[in-house]
Amino acid sequence: AQSVTQLGSHVSVSEGALVLLRCNYSSSVPPYLFWYVQYPNQGLQLLLKYTSAATLVKGINGFEAEFKKSETSFHLTKPSAHMSDAAEYFCAVSDPGNTPLVFGKGTRLSVIA
Amino acid sequence: KAGVTQTPRYLIKTRGQQVTLSCSPISGHRSVSWYQQTPGQGLQFLFEYFSETQRNKGNFPGRFSGRQFSNSRSEMNVSTLELGDSALYLCASSPEVADTQYFGPGTRLTVL
């Protein structure tokens with residue numbers, strides 16, 4: 001069975017600092033991996049996805065993530081945090097060829113001025 | 001292209017009632033999935049529909065059901081509501097099965 005672990009339910013960074021949100025997965029087959037962001041009272045917005053092409057994936061709003069099979073990780077980074085990045089971030093995994101997403105518990109990112 | 005739309009956005013019901021939520025996918029998308037989001041359980045997959053057929057189902061009781069119409073629009077129904085059904089219900093659409101999913105804004109259901 002697939003599972004996703006997001007380390008840290010809450011991460012706080014200063015504006016302009018590096019953002020690092022951690023995600024580790026467990027899957028019996030090479031998975032597809034996703035990062036979504038959720039702003040208050042809104043749905044989920046896709047940030048980026050890994051589907052077995054390049055291991056370094058660039059997404060929207062300056063975010064990127066690197067798929068590391070040896071570490072079963074897919075951490076999300078952004079070089080310089082902006083106040084508008086404050087939101088809840090979810091890592092998700094799915095089996096290639098199958099639709100259902102399995103989500104992590106989410107990490108709330110706070111950005112301090 | 002317009003995104004996924006869900007109606008209503010907010011709903012208040014009482015225990016024992018039933019409720020129907022609606023989802024219109026992105027134009028051209030044929031797969032629709034539903035997820036429940038609660039503070040305690042997080043995001044959980046409910047079911048997926050493609051070509052009016054349920055393809056996958058999550059681990060939810062039979063009180064939760066859904067359907068898809070020929071125009072790909074989908075509805076989900078919850079019968080005999082319980083307090084624990086209070087949640088944000090999210091609909092996601094994708095062009096085909098196993099494609100990237102795009103989410104709607106959700107319907108916030110409160111059961112009193």
# chains A, B, ... in the order shown; residues from 1 in each chain; ligands from 1
>>> residues_around(residues="Leu109 (chain A)", least_positions_apart="5", cutoff="9 Å", atoms="only C-alpha atoms", output="PyMOL selection string")
chain A and resi 9-13+19+21+85-89
>>> closest_atom_pairs(of="chain A", to="chain B", cutoff="10 Å", atoms="only C-alpha atoms", output="tab-separated table")
residue	atom	partner	partner_atom	distance
A:Tyr32	CA	B:Thr100	CA	9.6
A:Phe34	CA	B:Thr100	CA	8.9
A:Tyr36	CA	B:Phe103	CA	9.7
A:Gln38	CA	B:Pro105	CA	9.7
A:Asn41	CA	B:Pro105	CA	7.7
A:Gln42	CA	B:Pro105	CA	4.9
A:Gly43	CA	B:Pro105	CA	4.0
A:Leu44	CA	B:Phe103	CA	5.5
A:Gln45	CA	B:Phe103	CA	6.7
A:Leu46	CA	B:Tyr102	CA	7.0
A:Leu48	CA	B:Thr100	CA	10.0
A:Lys49	CA	B:Thr100	CA	8.2
A:Thr51	CA	B:Thr100	CA	9.7
A:Phe90	CA	B:Leu43	CA	9.3
A:Ala92	CA	B:Leu43	CA	9.8
A:Ser94	CA	B:Ala98	CA	8.4
A:Asp95	CA	B:Ala98	CA	8.2
A:Pro96	CA	B:Ala98	CA	6.8
A:Gly97	CA	B:Ala98	CA	5.1
A:Asn98	CA	B:Ala98	CA	4.7
A:Thr99	CA	B:Ala98	CA	4.1
A:Pro100	CA	B:Phe45	CA	6.5
A:Leu101	CA	B:Phe45	CA	6.9
A:Val102	CA	B:Gln44	CA	7.2
A:Phe103	CA	B:Leu43	CA	6.1
A:Gly104	CA	B:Gly42	CA	7.8
A:Lys105	CA	B:Gly42	CA	5.7
A:Gly106	CA	B:Gly42	CA	7.9
>>> write_last_selection(atoms="C-alpha atoms", output="JSON list (two decimals), in the first residue's frame")
[["chain", "number", "residue", "atom", "x", "y", "z"],
["A", 32, "TYR", "CA", 3.90, 9.37, -9.65],
["A", 34, "PHE", "CA", 2.70, 15.52, -6.76],
["A", 36, "TYR", "CA", -0.41, 20.66, -4.22],
["A", 38, "GLN", "CA", -4.15, 24.97, -0.58],
["A", 41, "ASN", "CA", -11.12, 28.36, 1.95],
["A", 42, "GLN", "CA", -9.95, 27.14, -1.42],
["A", 43, "GLY", "CA", -9.35, 23.86, -3.22],
["A", 44, "LEU", "CA", -6.00, 22.35, -4.12],
["A", 45, "GLN", "CA", -3.76, 23.89, -6.76],
["A", 46, "LEU", "CA", -1.17, 21.76, -8.53],
["A", 48, "LEU", "CA", 4.33, 20.32, -9.78],
["A", 49, "LYS", "CA", 4.41, 16.63, -10.60],
["A", 51, "THR", "CA", 5.92, 11.16, -13.68],
["A", 90, "PHE", "CA", 0.29, 18.58, 0.40],
["A", 92, "ALA", "CA", 0.62, 13.05, -2.86],
["A", 94, "SER", "CA", -0.36, 7.62, -7.09],
["A", 95, "ASP", "CA", 0.34, 4.41, -8.94],
["A", 96, "PRO", "CA", 1.07, 4.94, -12.64],
["A", 97, "GLY", "CA", -2.03, 3.85, -14.50],
["A", 98, "ASN", "CA", -4.28, 4.48, -11.55],
["A", 99, "THR", "CA", -6.08, 7.62, -10.52],
["A", 100, "PRO", "CA", -6.54, 7.79, -6.74],
["A", 101, "LEU", "CA", -4.14, 10.07, -4.92],
["A", 102, "VAL", "CA", -2.83, 9.22, -1.47],
["A", 103, "PHE", "CA", -2.04, 12.41, 0.39],
["A", 104, "GLY", "CA", 0.25, 13.29, 3.24],
["A", 105, "LYS", "CA", -1.15, 15.12, 6.26],
["A", 106, "GLY", "CA", 0.02, 18.45, 4.95]]
>>> residues_around(residues="Thr72 (chain A)", least_positions_apart="4", cutoff="9 Å", atoms="only C-alpha atoms", output="PyMOL selection string")
chain A and resi 23-27+67-68
>>> write_last_selection(atoms="N, CA, C and O atoms", output="PDB file, in the first residue's frame")
ATOM      1  N   CYS A  23       8.987  15.452   2.102  1.00  0.00           N
ATOM      2  CA  CYS A  23       8.000  14.425   1.753  1.00  0.00           C
ATOM      3  C   CYS A  23       8.740  13.119   1.491  1.00  0.00           C
ATOM      4  O   CYS A  23       9.653  13.076   0.666  1.00  0.00           O
ATOM      5  N   ASN A  24       8.334  12.079   2.182  1.00  0.00           N
ATOM      6  CA  ASN A  24       8.835  10.735   1.913  1.00  0.00           C
ATOM      7  C   ASN A  24       7.660   9.836   1.571  1.00  0.00           C
ATOM      8  O   ASN A  24       6.587   9.962   2.147  1.00  0.00           O
ATOM      9  N   TYR A  25       7.881   8.924   0.651  1.00  0.00           N
ATOM     10  CA  TYR A  25       6.794   8.072   0.195  1.00  0.00           C
ATOM     11  C   TYR A  25       7.153   6.608   0.365  1.00  0.00           C
ATOM     12  O   TYR A  25       8.321   6.231   0.491  1.00  0.00           O
ATOM     13  N   SER A  26       6.136   5.821   0.353  1.00  0.00           N
ATOM     14  CA  SER A  26       6.294   4.380   0.349  1.00  0.00           C
ATOM     15  C   SER A  26       5.396   3.827  -0.748  1.00  0.00           C
ATOM     16  O   SER A  26       4.196   4.111  -0.760  1.00  0.00           O
ATOM     17  N   SER A  27       5.981   3.086  -1.677  1.00  0.00           N
ATOM     18  CA  SER A  27       5.194   2.556  -2.785  1.00  0.00           C
ATOM     19  C   SER A  27       5.838   1.276  -3.292  1.00  0.00           C
ATOM     20  O   SER A  27       7.058   1.183  -3.357  1.00  0.00           O
ATOM     21  N   PHE A  67      13.132  14.209  -7.187  1.00  0.00           N
ATOM     22  CA  PHE A  67      12.797  12.822  -6.882  1.00  0.00           C
ATOM     23  C   PHE A  67      14.084  12.053  -6.614  1.00  0.00           C
ATOM     24  O   PHE A  67      14.980  12.011  -7.457  1.00  0.00           O
ATOM     25  N   LYS A  68      14.208  11.501  -5.396  1.00  0.00           N
ATOM     26  CA  LYS A  68      15.363  10.707  -5.031  1.00  0.00           C
ATOM     27  C   LYS A  68      14.902   9.300  -4.657  1.00  0.00           C
ATOM     28  O   LYS A  68      14.413   9.068  -3.544  1.00  0.00           O
TER      29      LYS A  68
END
>>> residues_around(residues="Asn61 (chain A)", least_positions_apart="5", cutoff="10 Å", atoms="only C-alpha atoms", output="PDB file with N, CA and C atoms, in the first residue's frame")
ATOM      1  N   LEU A  47       1.110  22.310  -7.879  1.00  0.00           N
ATOM      2  CA  LEU A  47       2.381  23.030  -7.968  1.00  0.00           C
ATOM      3  C   LEU A  47       3.310  22.374  -8.978  1.00  0.00           C
ATOM      4  N   LYS A  78      12.030  26.137  -2.453  1.00  0.00           N
ATOM      5  CA  LYS A  78      11.941  27.420  -3.130  1.00  0.00           C
ATOM      6  C   LYS A  78      13.057  28.278  -2.560  1.00  0.00           C
ATOM      7  N   HIS A  82       8.230  34.075  -0.183  1.00  0.00           N
ATOM      8  CA  HIS A  82       7.456  35.314  -0.306  1.00  0.00           C
ATOM      9  C   HIS A  82       6.247  35.202   0.602  1.00  0.00           C
ATOM     10  N   SER A  84       3.292  35.654   0.057  1.00  0.00           N
ATOM     11  CA  SER A  84       2.160  34.997  -0.611  1.00  0.00           C
ATOM     12  C   SER A  84       2.289  33.472  -0.636  1.00  0.00           C
ATOM     13  N   ASP A  85       3.446  32.937  -0.207  1.00  0.00           N
ATOM     14  CA  ASP A  85       3.629  31.479  -0.174  1.00  0.00           C
ATOM     15  C   ASP A  85       2.994  30.842   1.056  1.00  0.00           C
TER      16      ASP A  85
END
>>> select_by_dssp(residues="chain B", states="strand (DSSP E)", output="CSV table (one decimal) with N, CA and C atoms, in the first residue's frame")
chain,number,residue,atom,x,y,z
B,5,THR,N,-15.9,23.4,-11.2
B,5,THR,CA,-16.8,24.1,-10.4
B,5,THR,C,-17.6,23.1,-9.6
B,6,GLN,N,-17.9,23.6,-8.3
B,6,GLN,CA,-18.6,22.7,-7.4
B,6,GLN,C,-19.8,23.6,-6.8
B,7,THR,N,-20.9,23.0,-6.7
B,7,THR,CA,-22.1,23.6,-6.1
B,7,THR,C,-22.8,22.7,-5.1
B,10,TYR,N,-21.3,26.0,0.2
B,10,TYR,CA,-21.5,25.8,1.6
B,10,TYR,C,-22.9,25.2,1.8
B,11,LEU,N,-22.9,24.3,2.8
B,11,LEU,CA,-24.2,23.6,3.1
B,11,LEU,C,-24.2,23.2,4.5
B,12,ILE,N,-25.4,23.5,5.1
B,12,ILE,CA,-25.6,23.1,6.5
B,12,ILE,C,-26.8,22.1,6.5
B,13,LYS,N,-26.6,20.9,7.1
B,13,LYS,CA,-27.7,19.9,7.2
B,13,LYS,C,-27.7,19.4,8.7
B,19,VAL,N,-27.8,14.5,1.5
B,19,VAL,CA,-27.3,15.7,0.8
B,19,VAL,C,-26.7,15.2,-0.6
B,20,THR,N,-26.9,16.1,-1.6
B,20,THR,CA,-26.3,15.9,-2.9
B,20,THR,C,-25.4,17.0,-3.3
B,21,LEU,N,-24.2,16.7,-3.7
B,21,LEU,CA,-23.2,17.7,-4.1
B,21,LEU,C,-22.9,17.6,-5.6
B,22,SER,N,-22.7,18.7,-6.2
B,22,SER,CA,-22.5,18.6,-7.7
B,22,SER,C,-21.1,19.1,-8.1
B,23,CYS,N,-20.6,18.5,-9.2
B,23,CYS,CA,-19.3,18.9,-9.7
B,23,CYS,C,-19.3,18.9,-11.2
B,24,SER,N,-18.9,20.0,-11.8
B,24,SER,CA,-18.7,20.1,-13.2
B,24,SER,C,-17.3,20.2,-13.6
B,31,SER,N,-12.7,12.1,-16.5
B,31,SER,CA,-12.6,11.4,-15.2
B,31,SER,C,-12.8,12.4,-14.1
B,32,VAL,N,-13.7,12.0,-13.2
B,32,VAL,CA,-14.0,12.8,-12.0
B,32,VAL,C,-13.8,12.0,-10.8
B,33,SER,N,-13.1,12.6,-9.8
B,33,SER,CA,-12.8,12.0,-8.5
B,33,SER,C,-13.3,12.8,-7.4
B,34,TRP,N,-13.7,12.2,-6.3
B,34,TRP,CA,-14.1,12.9,-5.1
B,34,TRP,C,-13.2,12.6,-3.9
B,35,TYR,N,-12.9,13.6,-3.1
B,35,TYR,CA,-12.1,13.4,-1.9
B,35,TYR,C,-12.8,14.1,-0.8
B,36,GLN,N,-12.6,13.6,0.4
B,36,GLN,CA,-13.1,14.2,1.7
B,36,GLN,C,-11.9,14.8,2.4
B,37,GLN,N,-12.0,16.0,2.9
B,37,GLN,CA,-11.0,16.6,3.7
B,37,GLN,C,-11.5,17.0,5.1
B,38,THR,N,-10.9,16.4,6.1
B,38,THR,CA,-11.2,16.7,7.5
B,38,THR,C,-9.9,17.0,8.3
B,42,GLY,N,-7.5,14.1,7.3
B,42,GLY,CA,-6.8,14.7,6.2
B,42,GLY,C,-7.6,14.5,4.9
B,43,LEU,N,-6.9,14.3,3.8
B,43,LEU,CA,-7.6,14.1,2.5
B,43,LEU,C,-7.7,12.6,2.2
B,44,GLN,N,-8.9,12.2,1.9
B,44,GLN,CA,-9.2,10.8,1.7
B,44,GLN,C,-10.0,10.6,0.4
B,45,PHE,N,-9.6,9.7,-0.4
B,45,PHE,CA,-10.2,9.4,-1.7
B,45,PHE,C,-11.6,8.7,-1.5
B,46,LEU,N,-12.6,9.2,-2.1
B,46,LEU,CA,-13.9,8.6,-2.0
B,46,LEU,C,-14.2,7.7,-3.2
B,47,PHE,N,-14.3,8.2,-4.4
B,47,PHE,CA,-14.5,7.4,-5.6
B,47,PHE,C,-14.1,8.2,-6.8
B,48,GLU,N,-14.0,7.4,-7.9
B,48,GLU,CA,-13.7,8.0,-9.2
B,48,GLU,C,-14.7,7.5,-10.2
B,49,TYR,N,-15.1,8.4,-11.1
B,49,TYR,CA,-16.0,8.0,-12.2
B,49,TYR,C,-15.3,8.3,-13.6
B,50,PHE,N,-15.6,7.4,-14.5
B,50,PHE,CA,-15.1,7.6,-15.9
B,50,PHE,C,-16.1,7.0,-16.8
B,53,THR,N,-19.1,5.3,-15.3
B,53,THR,CA,-18.9,4.1,-14.5
B,53,THR,C,-17.9,4.4,-13.4
B,54,GLN,N,-18.2,3.8,-12.2
B,54,GLN,CA,-17.3,3.9,-11.1
B,54,GLN,C,-16.1,3.0,-11.3
B,55,ARG,N,-14.9,3.6,-11.3
B,55,ARG,CA,-13.7,2.9,-11.5
B,55,ARG,C,-13.0,2.5,-10.3
B,56,ASN,N,-13.0,3.4,-9.3
B,56,ASN,CA,-12.3,3.1,-8.0
B,56,ASN,C,-13.2,3.6,-6.9
B,57,LYS,N,-13.1,3.0,-5.8
B,57,LYS,CA,-13.8,3.4,-4.6
B,57,LYS,C,-12.9,3.3,-3.4
B,64,PHE,N,-22.2,6.7,1.3
B,64,PHE,CA,-21.6,7.6,0.3
B,64,PHE,C,-21.7,7.0,-1.1
B,65,SER,N,-22.3,7.7,-2.0
B,65,SER,CA,-22.5,7.2,-3.3
B,65,SER,C,-22.3,8.3,-4.3
B,66,GLY,N,-22.1,8.0,-5.6
B,66,GLY,CA,-22.0,9.0,-6.6
B,66,GLY,C,-22.5,8.5,-7.9
B,67,ARG,N,-22.4,9.4,-8.9
B,67,ARG,CA,-22.7,9.0,-10.2
B,67,ARG,C,-22.1,10.0,-11.2
B,68,GLN,N,-22.1,9.7,-12.4
B,68,GLN,CA,-21.6,10.6,-13.5
B,68,GLN,C,-22.5,10.5,-14.6
B,74,SER,N,-20.7,15.3,-12.4
B,74,SER,CA,-20.8,14.2,-11.4
B,74,SER,C,-21.5,14.8,-10.2
B,75,GLU,N,-22.2,13.9,-9.5
B,75,GLU,CA,-22.8,14.2,-8.2
B,75,GLU,C,-22.4,13.1,-7.2
B,76,MET,N,-22.3,13.6,-6.0
B,76,MET,CA,-22.1,12.6,-4.9
B,76,MET,C,-23.3,12.8,-3.9
B,77,ASN,N,-23.7,11.7,-3.3
B,77,ASN,CA,-24.8,11.8,-2.3
B,77,ASN,C,-24.3,11.1,-1.0
B,78,VAL,N,-24.7,11.8,0.1
B,78,VAL,CA,-24.5,11.2,1.4
B,78,VAL,C,-25.8,11.0,2.0
B,87,ALA,N,-17.2,18.1,6.7
B,87,ALA,CA,-15.9,18.1,6.0
B,87,ALA,C,-16.0,19.0,4.8
B,88,LEU,N,-14.8,19.2,4.2
B,88,LEU,CA,-14.7,19.8,2.9
B,88,LEU,C,-14.7,18.7,1.8
B,89,TYR,N,-15.6,18.7,0.9
B,89,TYR,CA,-15.7,17.7,-0.2
B,89,TYR,C,-15.1,18.3,-1.4
B,90,LEU,N,-14.1,17.7,-1.9
B,90,LEU,CA,-13.4,18.2,-3.1
B,90,LEU,C,-13.6,17.3,-4.3
B,91,CYS,N,-13.8,17.9,-5.4
B,91,CYS,CA,-14.0,17.2,-6.7
B,91,CYS,C,-12.7,17.5,-7.5
B,92,ALA,N,-12.2,16.5,-8.2
B,92,ALA,CA,-11.1,16.7,-9.1
B,92,ALA,C,-11.4,16.1,-10.5
B,93,SER,N,-11.0,16.8,-11.5
B,93,SER,CA,-11.2,16.2,-12.8
B,93,SER,C,-9.8,16.0,-13.5
B,94,SER,N,-9.8,15.1,-14.5
B,94,SER,CA,-8.6,14.9,-15.3
B,94,SER,C,-9.0,14.4,-16.7
B,102,TYR,N,-7.1,18.0,-11.4
B,102,TYR,CA,-7.3,19.4,-11.1
B,102,TYR,C,-8.5,19.6,-10.2
B,103,PHE,N,-8.3,20.3,-9.1
B,103,PHE,CA,-9.3,20.3,-8.1
B,103,PHE,C,-10.2,21.6,-8.2
B,107,THR,N,-16.9,21.9,-1.5
B,107,THR,CA,-18.2,22.2,-0.9
B,107,THR,C,-18.0,21.9,0.6
B,108,ARG,N,-18.2,22.9,1.4
B,108,ARG,CA,-18.1,22.8,2.9
B,108,ARG,C,-19.4,22.3,3.4
B,109,LEU,N,-19.4,21.1,3.9
B,109,LEU,CA,-20.6,20.5,4.5
B,109,LEU,C,-20.5,20.6,6.0
B,110,THR,N,-21.5,21.1,6.7
B,110,THR,CA,-21.6,21.1,8.1
B,110,THR,C,-22.8,20.4,8.5
B,111,VAL,N,-22.6,19.4,9.4
B,111,VAL,CA,-23.8,18.6,9.9
B,111,VAL,C,-24.0,18.9,11.4
>>> atom_distance(atom1="CA of Thr55 (chain A)", atom2="CA of Leu7 (chain A)")
20.7 Å
>>> atom_distance(atom1="CA of Leu112 (chain B)", atom2="CA of Tyr39 (chain A)")
25.7 Å
